[in-house]
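Raw contents of structure.csv, CSV, C-alpha atoms (C1' of nucleotides) and all ligand atoms:
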chain,number,residue,atom,x,y,z
N,1,MET,CA,-20.1,-22.9,18.1
N,2,SER,CA,-17.1,-23.6,15.8
N,3,ASP,CA,-13.6,-23.8,17.0
N,4,GLN,CA,-12.9,-20.5,15.3
N,5,GLU,CA,-15.8,-18.8,17.1
N,6,GLY,CA,-14.5,-20.2,20.4
N,7,ARG,CA,-11.1,-19.0,19.7
N,8,PHE,CA,-12.3,-15.5,18.8
N,9,ARG,CA,-14.4,-15.2,21.9
N,10,GLU,CA,-11.5,-16.3,24.0
N,11,TYR,CA,-9.3,-13.7,22.3
N,12,LEU,CA,-11.9,-10.9,22.8
N,13,GLY,CA,-12.6,-11.9,26.4
N,14,ALA,CA,-8.9,-11.9,27.3
N,15,LYS,CA,-8.6,-8.4,26.0
N,16,GLY,CA,-11.7,-7.0,27.7
N,17,LEU,CA,-13.4,-6.6,24.3
N,18,ARG,CA,-17.0,-7.4,23.7
N,19,ILE,CA,-18.8,-10.0,21.7
N,20,THR,CA,-21.1,-8.1,19.4
N,21,PRO,CA,-23.5,-9.1,16.6
N,22,GLU,CA,-21.3,-7.2,14.2
N,23,ARG,CA,-18.2,-9.0,15.2
N,24,GLN,CA,-19.9,-12.3,14.9
N,25,ALA,CA,-21.3,-11.4,11.5
N,26,VAL,CA,-17.8,-10.5,10.3
N,27,LEU,CA,-16.4,-13.8,11.6
N,28,THR,CA,-19.1,-15.8,10.0
N,29,ALA,CA,-18.6,-14.0,6.7
N,30,VAL,CA,-14.8,-14.6,6.8
N,31,LEU,CA,-15.3,-18.3,7.5
N,32,GLY,CA,-17.5,-18.5,4.4
N,33,ILE,CA,-14.8,-17.2,2.1
N,34,GLN,CA,-12.3,-19.4,0.4
N,35,GLY,CA,-9.0,-18.0,-0.8
N,36,HIS,CA,-7.7,-14.5,-0.6
N,37,PHE,CA,-10.0,-11.6,-0.1
N,38,THR,CA,-9.9,-7.8,0.5
N,39,ALA,CA,-11.5,-5.9,3.2
N,40,ASP,CA,-13.9,-4.4,0.7
N,41,GLN,CA,-15.0,-7.7,-0.7
N,42,LEU,CA,-15.8,-8.7,2.8
N,43,TYR,CA,-17.7,-5.6,3.4
N,44,LEU,CA,-19.7,-6.1,0.3
N,45,ARG,CA,-20.8,-9.5,1.5
N,46,LEU,CA,-21.9,-8.2,4.8
N,47,GLU,CA,-23.7,-5.1,3.5
N,48,ARG,CA,-26.9,-6.8,2.7
N,49,LYS,CA,-26.9,-9.4,5.6
N,50,ASN,CA,-28.5,-8.9,8.9
N,51,PRO,CA,-26.8,-8.1,11.2
N,52,ARG,CA,-24.6,-6.1,8.9
N,53,ALA,CA,-21.4,-4.3,9.7
N,54,SER,CA,-20.1,-0.9,8.5
N,55,ARG,CA,-16.8,-0.5,6.7
N,56,ALA,CA,-15.2,0.8,9.8
N,57,THR,CA,-16.2,-2.2,11.8
N,58,VAL,CA,-15.1,-4.6,9.1
N,59,TYR,CA,-11.6,-3.1,9.2
N,60,ARG,CA,-11.6,-3.0,13.0
N,61,THR,CA,-12.7,-6.6,13.3
N,62,LEU,CA,-10.2,-7.8,10.7
N,63,GLU,CA,-7.5,-6.5,12.9
N,64,HIS,CA,-8.8,-8.5,15.8
N,65,LEU,CA,-9.1,-11.6,13.7
N,66,VAL,CA,-5.5,-11.2,12.6
N,67,GLY,CA,-4.6,-10.6,16.3
N,68,SER,CA,-6.3,-13.9,17.3
N,69,GLY,CA,-4.5,-15.8,14.6
N,70,LEU,CA,-7.7,-16.8,12.7
N,71,VAL,CA,-6.9,-14.6,9.8
N,72,ASP,CA,-3.6,-13.8,8.0
N,73,LYS,CA,-3.0,-10.5,6.4
N,74,VAL,CA,-1.0,-11.0,3.3
N,75,ASP,CA,0.8,-8.5,1.1
N,76,LEU,CA,0.2,-9.4,-2.5
N,77,GLY,CA,1.2,-6.1,-3.9
N,78,GLY,CA,-1.4,-3.9,-5.6
N,79,GLN,CA,-2.9,-1.2,-3.4
N,80,GLN,CA,-5.3,-3.2,-1.3
N,81,ALA,CA,-4.3,-5.5,1.6
N,82,PHE,CA,-5.4,-9.1,1.2
N,83,TYR,CA,-6.5,-11.5,4.0
N,84,GLU,CA,-7.0,-15.2,4.2
N,85,ASN,CA,-8.5,-17.7,6.5
N,86,PHE,CA,-5.6,-19.1,8.6
N,87,TYR,CA,-7.2,-21.4,11.0
N,88,GLY,CA,-5.5,-24.8,10.9
N,89,ARG,CA,-3.2,-23.7,8.2
N,90,GLU,CA,0.5,-23.0,8.2
N,91,HIS,CA,2.7,-20.2,6.9
N,92,HIS,CA,3.2,-20.1,3.2
N,93,ASP,CA,4.2,-17.6,0.5
N,94,HIS,CA,2.8,-16.7,-2.9
N,95,LEU,CA,3.4,-16.7,-6.6
N,96,ILE,CA,1.2,-14.1,-8.3
N,97,CYS,CA,0.2,-14.2,-11.9
N,98,LEU,CA,0.4,-10.9,-13.6
N,99,GLY,CA,-1.7,-12.2,-16.4
N,100,CYS,CA,-4.8,-13.7,-14.8
N,101,GLY,CA,-4.3,-12.7,-11.2
N,102,GLU,CA,-4.1,-16.3,-10.0
N,103,ILE,CA,-2.4,-16.8,-6.7
N,104,ILE,CA,-0.4,-19.9,-6.1
N,105,GLU,CA,0.8,-20.8,-2.6
N,106,PHE,CA,4.1,-22.4,-1.9
N,107,THR,CA,6.0,-23.5,1.1
N,108,SER,CA,9.7,-24.1,1.2
N,109,ARG,CA,11.3,-25.3,4.4
N,110,ALA,CA,14.7,-24.8,2.7
N,111,ILE,CA,14.0,-21.2,1.9
N,112,GLU,CA,12.8,-20.5,5.4
N,113,GLU,CA,15.9,-22.0,6.9
N,114,LEU,CA,18.1,-19.9,4.6
N,115,GLN,CA,16.2,-16.9,5.8
N,116,ASP,CA,16.9,-17.8,9.3
N,117,SER,CA,20.6,-18.0,8.6
N,118,VAL,CA,20.6,-14.7,6.8
N,119,CYS,CA,19.0,-13.2,9.9
N,120,ARG,CA,21.6,-14.8,12.2
N,121,GLU,CA,24.4,-13.4,10.1
N,122,HIS,CA,23.1,-9.9,10.6
N,123,GLN,CA,22.1,-10.5,14.2
N,124,PHE,CA,18.6,-9.7,13.1
N,125,GLU,CA,15.5,-11.0,15.0
N,126,ALA,CA,12.9,-11.8,12.4
N,127,ARG,CA,9.3,-11.2,13.4
N,128,SER,CA,7.7,-11.9,10.0
N,129,HIS,CA,8.4,-11.9,6.4
N,130,SER,CA,6.8,-11.5,3.0
N,131,HIS,CA,8.0,-13.3,0.0
N,132,LYS,CA,6.2,-13.0,-3.2
N,133,ILE,CA,7.1,-13.8,-6.8
N,134,LEU,CA,5.4,-12.1,-9.6
N,135,GLY,CA,5.3,-13.6,-13.1
N,136,HIS,CA,3.1,-15.6,-15.4
N,137,CYS,CA,1.3,-18.9,-14.5
N,138,ARG,CA,1.2,-22.0,-16.7
N,139,LYS,CA,-1.9,-20.8,-18.5
N,140,CYS,CA,-0.6,-17.3,-19.1
N,141,HIS,CA,2.8,-17.8,-20.7
H,1,MET,CA,28.2,13.5,-18.7
H,2,SER,CA,28.1,10.5,-16.4
H,3,ASP,CA,27.4,7.0,-17.5
H,4,GLN,CA,24.0,7.3,-15.9
H,5,GLU,CA,23.1,10.4,-17.8
H,6,GLY,CA,24.2,8.7,-21.0
H,7,ARG,CA,22.1,5.7,-20.2
H,8,PHE,CA,19.1,7.8,-19.4
H,9,ARG,CA,19.4,9.8,-22.6
H,10,GLU,CA,19.7,6.7,-24.6
H,11,TYR,CA,16.6,5.3,-23.0
H,12,LEU,CA,14.6,8.4,-23.6
H,13,GLY,CA,15.8,8.7,-27.2
H,14,ALA,CA,15.0,5.2,-28.0
H,15,LYS,CA,11.4,5.8,-26.9
H,16,GLY,CA,10.9,9.1,-28.6
H,17,LEU,CA,10.9,10.9,-25.3
H,18,ARG,CA,12.6,14.2,-24.8
H,19,ILE,CA,15.5,15.3,-22.7
H,20,THR,CA,14.2,18.2,-20.6
H,21,PRO,CA,15.7,20.3,-17.8
H,22,GLU,CA,13.2,18.8,-15.4
H,23,ARG,CA,14.2,15.2,-16.2
H,24,GLN,CA,17.8,16.1,-15.9
H,25,ALA,CA,17.2,17.8,-12.5
H,26,VAL,CA,15.4,14.7,-11.3
H,27,LEU,CA,18.3,12.4,-12.4
H,28,THR,CA,20.9,14.6,-10.8
H,29,ALA,CA,19.0,14.7,-7.6
H,30,VAL,CA,18.6,10.9,-7.6
H,31,LEU,CA,22.3,10.4,-8.2
H,32,GLY,CA,23.0,12.6,-5.1
H,33,ILE,CA,20.9,10.4,-2.8
H,34,GLN,CA,22.4,7.4,-1.0
H,35,GLY,CA,20.2,4.6,0.2
H,36,HIS,CA,16.5,4.2,-0.1
H,37,PHE,CA,14.2,7.2,-0.7
H,38,THR,CA,10.6,8.0,-1.4
H,39,ALA,CA,9.2,10.0,-4.2
H,40,ASP,CA,8.3,12.7,-1.8
H,41,GLN,CA,11.7,13.0,-0.3
H,42,LEU,CA,13.0,13.4,-3.8
H,43,TYR,CA,10.4,16.1,-4.6
H,44,LEU,CA,11.4,18.0,-1.5
H,45,ARG,CA,15.0,18.1,-2.6
H,46,LEU,CA,14.0,19.4,-6.0
H,47,GLU,CA,11.5,21.9,-4.8
H,48,ARG,CA,14.0,24.7,-4.1
H,49,LYS,CA,16.5,23.9,-6.8
H,50,ASN,CA,16.6,25.5,-10.3
H,51,PRO,CA,15.4,24.0,-12.5
H,52,ARG,CA,12.8,22.4,-10.2
H,53,ALA,CA,10.3,19.7,-11.0
H,54,SER,CA,6.7,19.3,-9.9
H,55,ARG,CA,5.4,16.4,-8.0
H,56,ALA,CA,3.8,15.0,-11.1
H,57,THR,CA,7.1,15.2,-13.0
H,58,VAL,CA,9.0,13.6,-10.2
H,59,TYR,CA,6.6,10.6,-10.3
H,60,ARG,CA,6.7,10.5,-14.0
H,61,THR,CA,10.4,10.7,-14.3
H,62,LEU,CA,10.9,8.0,-11.6
H,63,GLU,CA,9.0,5.6,-13.8
H,64,HIS,CA,11.4,6.3,-16.7
H,65,LEU,CA,14.4,5.9,-14.4
H,66,VAL,CA,13.0,2.5,-13.3
H,67,GLY,CA,12.4,1.7,-16.9
H,68,SER,CA,15.9,2.4,-17.9
H,69,GLY,CA,17.3,0.3,-15.0
H,70,LEU,CA,19.0,3.2,-13.3
H,71,VAL,CA,16.6,3.1,-10.3
H,72,ASP,CA,15.0,0.2,-8.6
H,73,LYS,CA,11.6,0.5,-7.0
H,74,VAL,CA,11.5,-1.5,-3.8
H,75,ASP,CA,8.6,-2.5,-1.7
H,76,LEU,CA,9.6,-2.0,1.9
H,77,GLY,CA,6.0,-2.1,3.2
H,78,GLY,CA,4.5,0.9,4.8
H,79,GLN,CA,2.4,3.0,2.5
H,80,GLN,CA,5.0,4.7,0.4
H,81,ALA,CA,7.0,3.2,-2.4
H,82,PHE,CA,10.8,3.3,-2.0
H,83,TYR,CA,13.4,3.7,-4.6
H,84,GLU,CA,17.1,3.3,-4.7
H,85,ASN,CA,19.9,4.0,-7.1
H,86,PHE,CA,20.6,0.8,-9.0
H,87,TYR,CA,23.3,1.7,-11.4
H,88,GLY,CA,26.1,-0.8,-11.2
H,89,ARG,CA,24.4,-2.7,-8.4
H,90,GLU,CA,22.8,-6.1,-8.4
H,91,HIS,CA,19.6,-7.5,-7.1
H,92,HIS,CA,19.2,-7.8,-3.4
H,93,ASP,CA,16.5,-8.1,-0.8
H,94,HIS,CA,15.9,-6.4,2.6
H,95,LEU,CA,15.7,-6.8,6.3
H,96,ILE,CA,13.7,-4.0,7.8
H,97,CYS,CA,14.0,-3.0,11.5
H,98,LEU,CA,10.6,-2.3,13.1
H,99,GLY,CA,12.4,-0.5,15.9
H,100,CYS,CA,14.6,2.1,14.2
H,101,GLY,CA,13.7,1.7,10.6
H,102,GLU,CA,17.1,0.6,9.5
H,103,ILE,CA,17.2,-1.3,6.2
H,104,ILE,CA,19.8,-4.0,5.8
H,105,GLU,CA,20.4,-5.5,2.4
H,106,PHE,CA,21.1,-9.1,1.8
H,107,THR,CA,21.8,-11.4,-1.1
H,108,SER,CA,21.5,-15.1,-1.1
H,109,ARG,CA,22.3,-17.0,-4.2
H,110,ALA,CA,20.9,-20.1,-2.5
H,111,ILE,CA,17.5,-18.5,-1.9
H,112,GLU,CA,17.3,-17.3,-5.4
H,113,GLU,CA,18.0,-20.7,-6.7
H,114,LEU,CA,15.4,-22.3,-4.5
H,115,GLN,CA,12.9,-19.7,-5.7
H,116,ASP,CA,13.7,-20.7,-9.3
H,117,SER,CA,13.0,-24.3,-8.5
H,118,VAL,CA,9.7,-23.4,-6.7
H,119,CYS,CA,8.7,-21.6,-9.9
H,120,ARG,CA,9.8,-24.5,-12.1
H,121,GLU,CA,7.7,-26.9,-10.0
H,122,HIS,CA,4.6,-24.7,-10.6
H,123,GLN,CA,5.5,-24.0,-14.2
H,124,PHE,CA,5.6,-20.4,-13.3
H,125,GLU,CA,7.6,-17.8,-15.2
H,126,ALA,CA,9.0,-15.4,-12.6
H,127,ARG,CA,9.3,-11.8,-13.7
H,128,SER,CA,10.4,-10.3,-10.4
H,129,HIS,CA,10.1,-10.9,-6.7
H,130,SER,CA,10.0,-9.1,-3.4
H,131,HIS,CA,11.4,-10.7,-0.3
H,132,LYS,CA,11.5,-8.7,2.9
H,133,ILE,CA,12.0,-9.7,6.5
H,134,LEU,CA,10.6,-7.6,9.3
H,135,GLY,CA,12.0,-7.7,12.8
H,136,HIS,CA,14.5,-6.0,15.0
H,137,CYS,CA,18.1,-5.2,14.3
H,138,ARG,CA,21.1,-5.8,16.5
H,139,LYS,CA,20.7,-2.4,18.2
H,140,CYS,CA,16.9,-2.8,18.8
H,141,HIS,CA,16.5,-6.2,20.5
R,1,DG,C1',-33.7,-7.8,36.6
R,2,DT,C1',-31.5,-3.2,36.7
R,3,DT,C1',-27.8,-0.3,36.1
R,4,DG,C1',-23.7,2.2,34.9
R,5,DA,C1',-19.0,2.2,33.2
R,6,DG,C1',-16.8,1.5,29.5
R,7,DA,C1',-16.7,-0.6,24.9
R,8,DT,C1',-18.7,-0.3,20.2
R,9,DT,C1',-21.0,1.3,16.4
R,10,DG,C1',-21.9,3.8,11.8
R,11,DA,C1',-21.9,7.9,9.0
R,12,DG,C1',-19.1,10.5,7.0
R,13,DA,C1',-15.1,13.6,7.4
R,14,DC,C1',-10.4,13.1,6.8
R,15,DT,C1',-5.6,11.5,5.2
R,16,DA,C1',-2.0,10.0,2.4
R,17,DA,C1',0.1,8.5,-1.8
R,18,DG,C1',-0.3,8.7,-6.1
R,19,DT,C1',-2.7,9.5,-10.8
R,20,DC,C1',-5.1,12.3,-14.1
R,21,DT,C1',-6.5,16.4,-16.8
R,22,DC,C1',-5.7,20.0,-19.6
R,23,DG,C1',-4.2,24.4,-21.3
R,24,DA,C1',0.3,26.6,-21.9
R,25,DC,C1',4.9,25.6,-23.2
R,26,DT,C1',9.1,23.5,-25.4
R,27,DA,C1',12.3,20.0,-27.6
R,28,DC,C1',13.4,18.2,-31.6
R,29,DT,C1',13.0,17.2,-36.8
R,30,DG,C1',13.1,18.6,-41.2
Y,1,DC,C1',12.7,28.5,-37.8
Y,2,DA,C1',8.2,26.3,-38.0
Y,3,DG,C1',5.3,22.6,-37.0
Y,4,DT,C1',4.4,18.6,-34.3
Y,5,DA,C1',4.5,15.9,-30.7
Y,6,DG,C1',6.0,15.5,-26.2
Y,7,DT,C1',6.1,17.8,-21.6
Y,8,DC,C1',5.0,20.7,-18.0
Y,9,DG,C1',2.6,22.3,-13.5
Y,10,DA,C1',-1.4,23.2,-10.7
Y,11,DG,C1',-4.7,21.3,-8.7
Y,12,DA,C1',-8.7,18.2,-9.1
Y,13,DC,C1',-9.5,13.5,-8.4
Y,14,DT,C1',-9.1,8.5,-6.7
Y,15,DT,C1',-8.4,4.9,-3.6
Y,16,DA,C1',-7.7,2.5,0.6
Y,17,DG,C1',-7.9,3.0,4.9
Y,18,DT,C1',-8.3,5.8,9.5
Y,19,DC,C1',-10.4,8.8,12.6
Y,20,DT,C1',-14.2,11.3,15.1
Y,21,DC,C1',-18.0,11.5,17.9
Y,22,DA,C1',-22.7,11.1,19.4
Y,23,DA,C1',-25.8,7.4,20.0
Y,24,DT,C1',-26.0,2.7,21.5
Y,25,DC,C1',-24.9,-1.6,23.4
Y,26,DT,C1',-22.5,-5.3,26.4
Y,27,DC,C1',-21.7,-7.3,30.6
Y,28,DA,C1',-20.4,-7.6,35.4
Y,29,DA,C1',-21.9,-6.0,39.6
Y,30,DC,C1',-25.5,-5.3,42.3
Q,201,MN,MN,-2.2,-17.6,0.9
Q,202,MN,MN,18.2,-1.9,-1.2
Q,203,ZN,ZN,-2.1,-16.5,-15.0
Q,204,ZN,ZN,16.7,-1.2,14.6

What do you get writing this file as structure tokens?
Amino acid sequence: MSDQEGRFREYLGAKGLRITPERQAVLTAVLGIQGHFTADQLYLRLERKNPRASRATVYRTLEHLVGSGLVDKVDLGGQQAFYENFYGREHHDHLICLGCGEIIEFTSRAIEELQDSVCREHQFEARSHSHKILGHCRKCH
Amino acid sequence: MSDQEGRFREYLGAKGLRITPERQAVLTAVLGIQGHFTADQLYLRLERKNPRASRATVYRTLEHLVGSGLVDKVDLGGQQAFYENFYGREHHDHLICLGCGEIIEFTSRAIEELQDSVCREHQFEARSHSHKILGHCRKCH
DNA sequence: GTTGAGATTGAGACTAAGTCTCGACTACTG
DNA sequence: CAGTAGTCGAGACTTAGTCTCAATCTCAAC
């Protein structure tokens, strides 16, 4: 049992939720994906596996995975929500190429600190943030 | 004729688009709104006026207003797009209260500069960005 | 092991926001 | 003032996700 599986079970247990084959299948599928993915891409992967999971279950399970901290839901614009494996990773933001769709991750301690001070100035208690920069990547100039 | 109206007419003219009563009605309604609004709120205002404008026309005209720089489309999360009057204003980002929905605007030259340097590092040509911070405002702690 | 309360599931109906279609209409140019 | 695009509105359609509910399953307590 992977660390992730342990963490997920713990999370479910603590909330009186059950460990089901569908939830395990979703977790396994998520762990096998690299990079950013949509709920639908995840569903498509699971569709032909056994055990499978319905679209409804995929959405429901993703919420639990986000709740347990294993997955991060990220707003990359467009109409669909994106998700990414978050286990062992740390917060970052994104550059999104309008040409080829490439997603580049960035972290900036300095920006995060300035954010904090903006919040302090406004006596605002930040819970989360989303910072994305749209433009063209090196290859797409 | 206001500056805004002049600017809009100029924009339309330059693109071979027509100045119609519906488009004028939308512009007038937009100018009468303060703060951030949704397409639907705008449509509701116009519904009972004369001339009115259909939902389709409201959406279509908003695009032209954004194109002309009179209106800014801002991503505040949630499912609907928000817009705001942008004439004579400058770029800013938003703090969004999860409690009461209040929207606080902020500007940070320092953050914008750090953004630029992040882009430079990745040889990324920024076109636009969206930076929002979710949390609780002073009144909602 | 059996059992029952309560959690979970999948199919498909539903919602919400916005886009698209197309026949009727209208602004502008010459 | 006529012809040609551009524009309009009604409503069908799309997309992403949520909700409903009857059937099924999990798990802790016997
Ligand atoms: Mn990422
Ligand atoms: Mn604003
Ligand atoms: Zn690119
Ligand atoms: Zn508040």

Test item: residues no farther than 10 Å from ligand MN 202 (chain Q), counting all atoms listed in the file, as number ranges by chain: H: 35-37, 72-76, 82-86, 89-95, 103-106

Surrounding residues of region 13-30 of chain Y excluding itself and chain neighbours under 5 positions, 12 Å, only C-alpha atoms (C1' of nucleotides), as number ranges by chain: N: 13, 16-22, 38-40, 55-60, 78-82; H: 79; R: 1-21

Under the rule of at most 12 Å, produce a per-residue listing of chain H near ligand ZN 203 (chain Q): chain, number, name, the closest pair of atoms, and the distance in Å, as JSON lines, using all atoms listed in the file.
{"residue": "H:His122", "atom": "CA", "partner": "Q:ZN203", "partner_atom": "ZN", "distance": 11.5}
{"residue": "H:Gln123", "atom": "CA", "partner": "Q:ZN203", "partner_atom": "ZN", "distance": 10.7}
{"residue": "H:Phe124", "atom": "CA", "partner": "Q:ZN203", "partner_atom": "ZN", "distance": 8.8}
{"residue": "H:Glu125", "atom": "CA", "partner": "Q:ZN203", "partner_atom": "ZN", "distance": 9.8}
{"residue": "H:Ala126", "atom": "CA", "partner": "Q:ZN203", "partner_atom": "ZN", "distance": 11.4}

Neighbourhood of ligand ZN 204 (chain Q) at 9 Å, counting only C-alpha atoms (C1' of nucleotides) and all ligand atoms, reported as a PyMOL selection string: (chain N and resi 124) or (chain H and resi 96-103+135-141)

Residues of chain Y within 12 Å of chain H, counting only C-alpha atoms (C1' of nucleotides), as a PyMOL selection string: chain Y and resi 5-11+16-17

Over all C-alpha pairs taken in sequence order, what does chain N look like after a least-squares fit onto chain H? Please give it as a CSV table (one decimal) with C-alpha atoms, keeping the file's coordinate frame.
chain,number,residue,atom,x,y,z
N,1,MET,CA,28.2,13.5,-18.8
N,2,SER,CA,28.1,10.5,-16.4
N,3,ASP,CA,27.4,7.1,-17.5
N,4,GLN,CA,24.0,7.3,-15.9
N,5,GLU,CA,23.1,10.4,-17.8
N,6,GLY,CA,24.2,8.7,-21.0
N,7,ARG,CA,22.2,5.8,-20.3
N,8,PHE,CA,19.1,7.8,-19.5
N,9,ARG,CA,19.4,9.8,-22.7
N,10,GLU,CA,19.8,6.7,-24.6
N,11,TYR,CA,16.7,5.3,-23.0
N,12,LEU,CA,14.6,8.5,-23.6
N,13,GLY,CA,15.9,8.8,-27.2
N,14,ALA,CA,14.9,5.2,-28.0
N,15,LYS,CA,11.5,5.8,-26.8
N,16,GLY,CA,10.9,9.1,-28.6
N,17,LEU,CA,10.9,11.0,-25.3
N,18,ARG,CA,12.5,14.3,-24.8
N,19,ILE,CA,15.5,15.4,-22.7
N,20,THR,CA,14.2,18.2,-20.5
N,21,PRO,CA,15.7,20.3,-17.8
N,22,GLU,CA,13.2,18.8,-15.4
N,23,ARG,CA,14.2,15.3,-16.2
N,24,GLN,CA,17.8,16.1,-15.9
N,25,ALA,CA,17.2,17.8,-12.5
N,26,VAL,CA,15.4,14.7,-11.3
N,27,LEU,CA,18.3,12.4,-12.5
N,28,THR,CA,20.9,14.6,-10.9
N,29,ALA,CA,18.9,14.7,-7.6
N,30,VAL,CA,18.5,10.9,-7.6
N,31,LEU,CA,22.3,10.4,-8.2
N,32,GLY,CA,22.9,12.6,-5.1
N,33,ILE,CA,21.0,10.3,-2.8
N,34,GLN,CA,22.4,7.4,-1.0
N,35,GLY,CA,20.2,4.6,0.2
N,36,HIS,CA,16.5,4.2,0.0
N,37,PHE,CA,14.3,7.2,-0.7
N,38,THR,CA,10.6,8.0,-1.4
N,39,ALA,CA,9.2,10.0,-4.2
N,40,ASP,CA,8.3,12.7,-1.8
N,41,GLN,CA,11.7,13.0,-0.3
N,42,LEU,CA,13.0,13.4,-3.8
N,43,TYR,CA,10.5,16.0,-4.5
N,44,LEU,CA,11.4,17.9,-1.5
N,45,ARG,CA,15.0,18.1,-2.6
N,46,LEU,CA,14.1,19.4,-6.0
N,47,GLU,CA,11.5,21.9,-4.8
N,48,ARG,CA,14.0,24.6,-4.0
N,49,LYS,CA,16.5,23.9,-6.9
N,50,ASN,CA,16.5,25.5,-10.2
N,51,PRO,CA,15.4,24.0,-12.5
N,52,ARG,CA,12.8,22.4,-10.2
N,53,ALA,CA,10.3,19.7,-11.0
N,54,SER,CA,6.7,19.4,-9.8
N,55,ARG,CA,5.4,16.3,-8.0
N,56,ALA,CA,3.8,15.0,-11.1
N,57,THR,CA,7.0,15.2,-13.0
N,58,VAL,CA,9.0,13.6,-10.2
N,59,TYR,CA,6.7,10.6,-10.3
N,60,ARG,CA,6.7,10.5,-14.1
N,61,THR,CA,10.4,10.6,-14.3
N,62,LEU,CA,10.9,8.0,-11.6
N,63,GLU,CA,9.0,5.6,-13.8
N,64,HIS,CA,11.4,6.3,-16.6
N,65,LEU,CA,14.4,5.9,-14.4
N,66,VAL,CA,13.1,2.5,-13.3
N,67,GLY,CA,12.3,1.7,-17.0
N,68,SER,CA,16.0,2.5,-17.9
N,69,GLY,CA,17.3,0.3,-15.1
N,70,LEU,CA,19.0,3.2,-13.2
N,71,VAL,CA,16.6,3.1,-10.4
N,72,ASP,CA,15.0,0.2,-8.5
N,73,LYS,CA,11.6,0.5,-7.0
N,74,VAL,CA,11.5,-1.5,-3.9
N,75,ASP,CA,8.6,-2.5,-1.7
N,76,LEU,CA,9.5,-2.1,1.9
N,77,GLY,CA,6.0,-2.2,3.2
N,78,GLY,CA,4.5,1.0,4.8
N,79,GLN,CA,2.3,3.0,2.5
N,80,GLN,CA,4.9,4.8,0.4
N,81,ALA,CA,7.0,3.1,-2.4
N,82,PHE,CA,10.7,3.3,-1.9
N,83,TYR,CA,13.4,3.7,-4.7
N,84,GLU,CA,17.1,3.2,-4.8
N,85,ASN,CA,20.0,4.0,-7.0
N,86,PHE,CA,20.6,0.8,-9.0
N,87,TYR,CA,23.3,1.7,-11.4
N,88,GLY,CA,26.2,-0.8,-11.1
N,89,ARG,CA,24.5,-2.7,-8.4
N,90,GLU,CA,22.9,-6.1,-8.4
N,91,HIS,CA,19.6,-7.5,-7.1
N,92,HIS,CA,19.3,-7.8,-3.4
N,93,ASP,CA,16.5,-8.1,-0.7
N,94,HIS,CA,15.9,-6.4,2.6
N,95,LEU,CA,15.7,-6.9,6.3
N,96,ILE,CA,13.7,-4.0,7.9
N,97,CYS,CA,13.9,-3.0,11.4
N,98,LEU,CA,10.7,-2.3,13.0
N,99,GLY,CA,12.4,-0.5,15.8
N,100,CYS,CA,14.6,2.1,14.2
N,101,GLY,CA,13.6,1.7,10.6
N,102,GLU,CA,17.1,0.6,9.5
N,103,ILE,CA,17.2,-1.3,6.3
N,104,ILE,CA,19.7,-4.0,5.8
N,105,GLU,CA,20.4,-5.5,2.4
N,106,PHE,CA,21.1,-9.1,1.8
N,107,THR,CA,21.8,-11.3,-1.1
N,108,SER,CA,21.4,-15.1,-1.1
N,109,ARG,CA,22.3,-17.0,-4.2
N,110,ALA,CA,20.9,-20.1,-2.5
N,111,ILE,CA,17.6,-18.5,-1.8
N,112,GLU,CA,17.3,-17.3,-5.3
N,113,GLU,CA,18.0,-20.7,-6.7
N,114,LEU,CA,15.3,-22.2,-4.4
N,115,GLN,CA,12.9,-19.7,-5.8
N,116,ASP,CA,13.7,-20.7,-9.2
N,117,SER,CA,13.0,-24.3,-8.4
N,118,VAL,CA,9.7,-23.4,-6.7
N,119,CYS,CA,8.8,-21.6,-9.9
N,120,ARG,CA,9.7,-24.6,-12.1
N,121,GLU,CA,7.6,-26.9,-10.0
N,122,HIS,CA,4.6,-24.8,-10.6
N,123,GLN,CA,5.5,-24.1,-14.2
N,124,PHE,CA,5.6,-20.4,-13.2
N,125,GLU,CA,7.6,-17.8,-15.2
N,126,ALA,CA,9.0,-15.4,-12.6
N,127,ARG,CA,9.4,-11.8,-13.7
N,128,SER,CA,10.3,-10.3,-10.3
N,129,HIS,CA,10.1,-10.9,-6.7
N,130,SER,CA,10.0,-9.1,-3.4
N,131,HIS,CA,11.4,-10.7,-0.3
N,132,LYS,CA,11.5,-8.8,2.9
N,133,ILE,CA,11.9,-9.7,6.5
N,134,LEU,CA,10.6,-7.6,9.2
N,135,GLY,CA,12.0,-7.7,12.7
N,136,HIS,CA,14.5,-6.0,15.1
N,137,CYS,CA,18.1,-5.1,14.2
N,138,ARG,CA,21.1,-5.7,16.5
N,139,LYS,CA,20.7,-2.4,18.2
N,140,CYS,CA,17.0,-2.8,18.7
N,141,HIS,CA,16.6,-6.1,20.4

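Interatomic distance, CA of Ser108 (chain N) against CA of Ser128 (chain H): 18.0 Å.
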
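Between CA of Glu5 (chain H) and CA of Leu70 (chain H) lies a distance of 9.4 Å.
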
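Atom to atom, CA of Val26 (chain H) and CA of Val66 (chain H) stand 12.6 Å apart.
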
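With only C-alpha atoms as the atoms that count, the residue of N:Glu10, N:Glu47, N:Asp3, N:Asp116 with the shortest distance to chain H is N:Asp116.
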
Selection: 9 Å around Tyr11 (chain H), all atoms listed in the file, excl. self and same-chain fewer than 6 positions, as a PyMOL selection string: chain H and resi 17+64-65+67-68

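Of the residues under consideration (N:Arg9, N:Gly77, N:Leu46, N:His131), N:His131 shows the shortest atom-to-atom contact distance to Gln115 (chain H) when counting only C-alpha atoms.
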
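Between chain H and the candidates N:Arg120, N:Val71, N:Leu114, N:Gly88, the tightest atom-to-atom separation, counting only C-alpha atoms, involves N:Leu114.
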
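Distance annotation: of N:Gln4, N:Ser117, N:Gln24, N:Gln34, the residue with the minimal separation from ligand MN 201 (chain Q) is N:Gln34; atom set is all atoms listed in the file.
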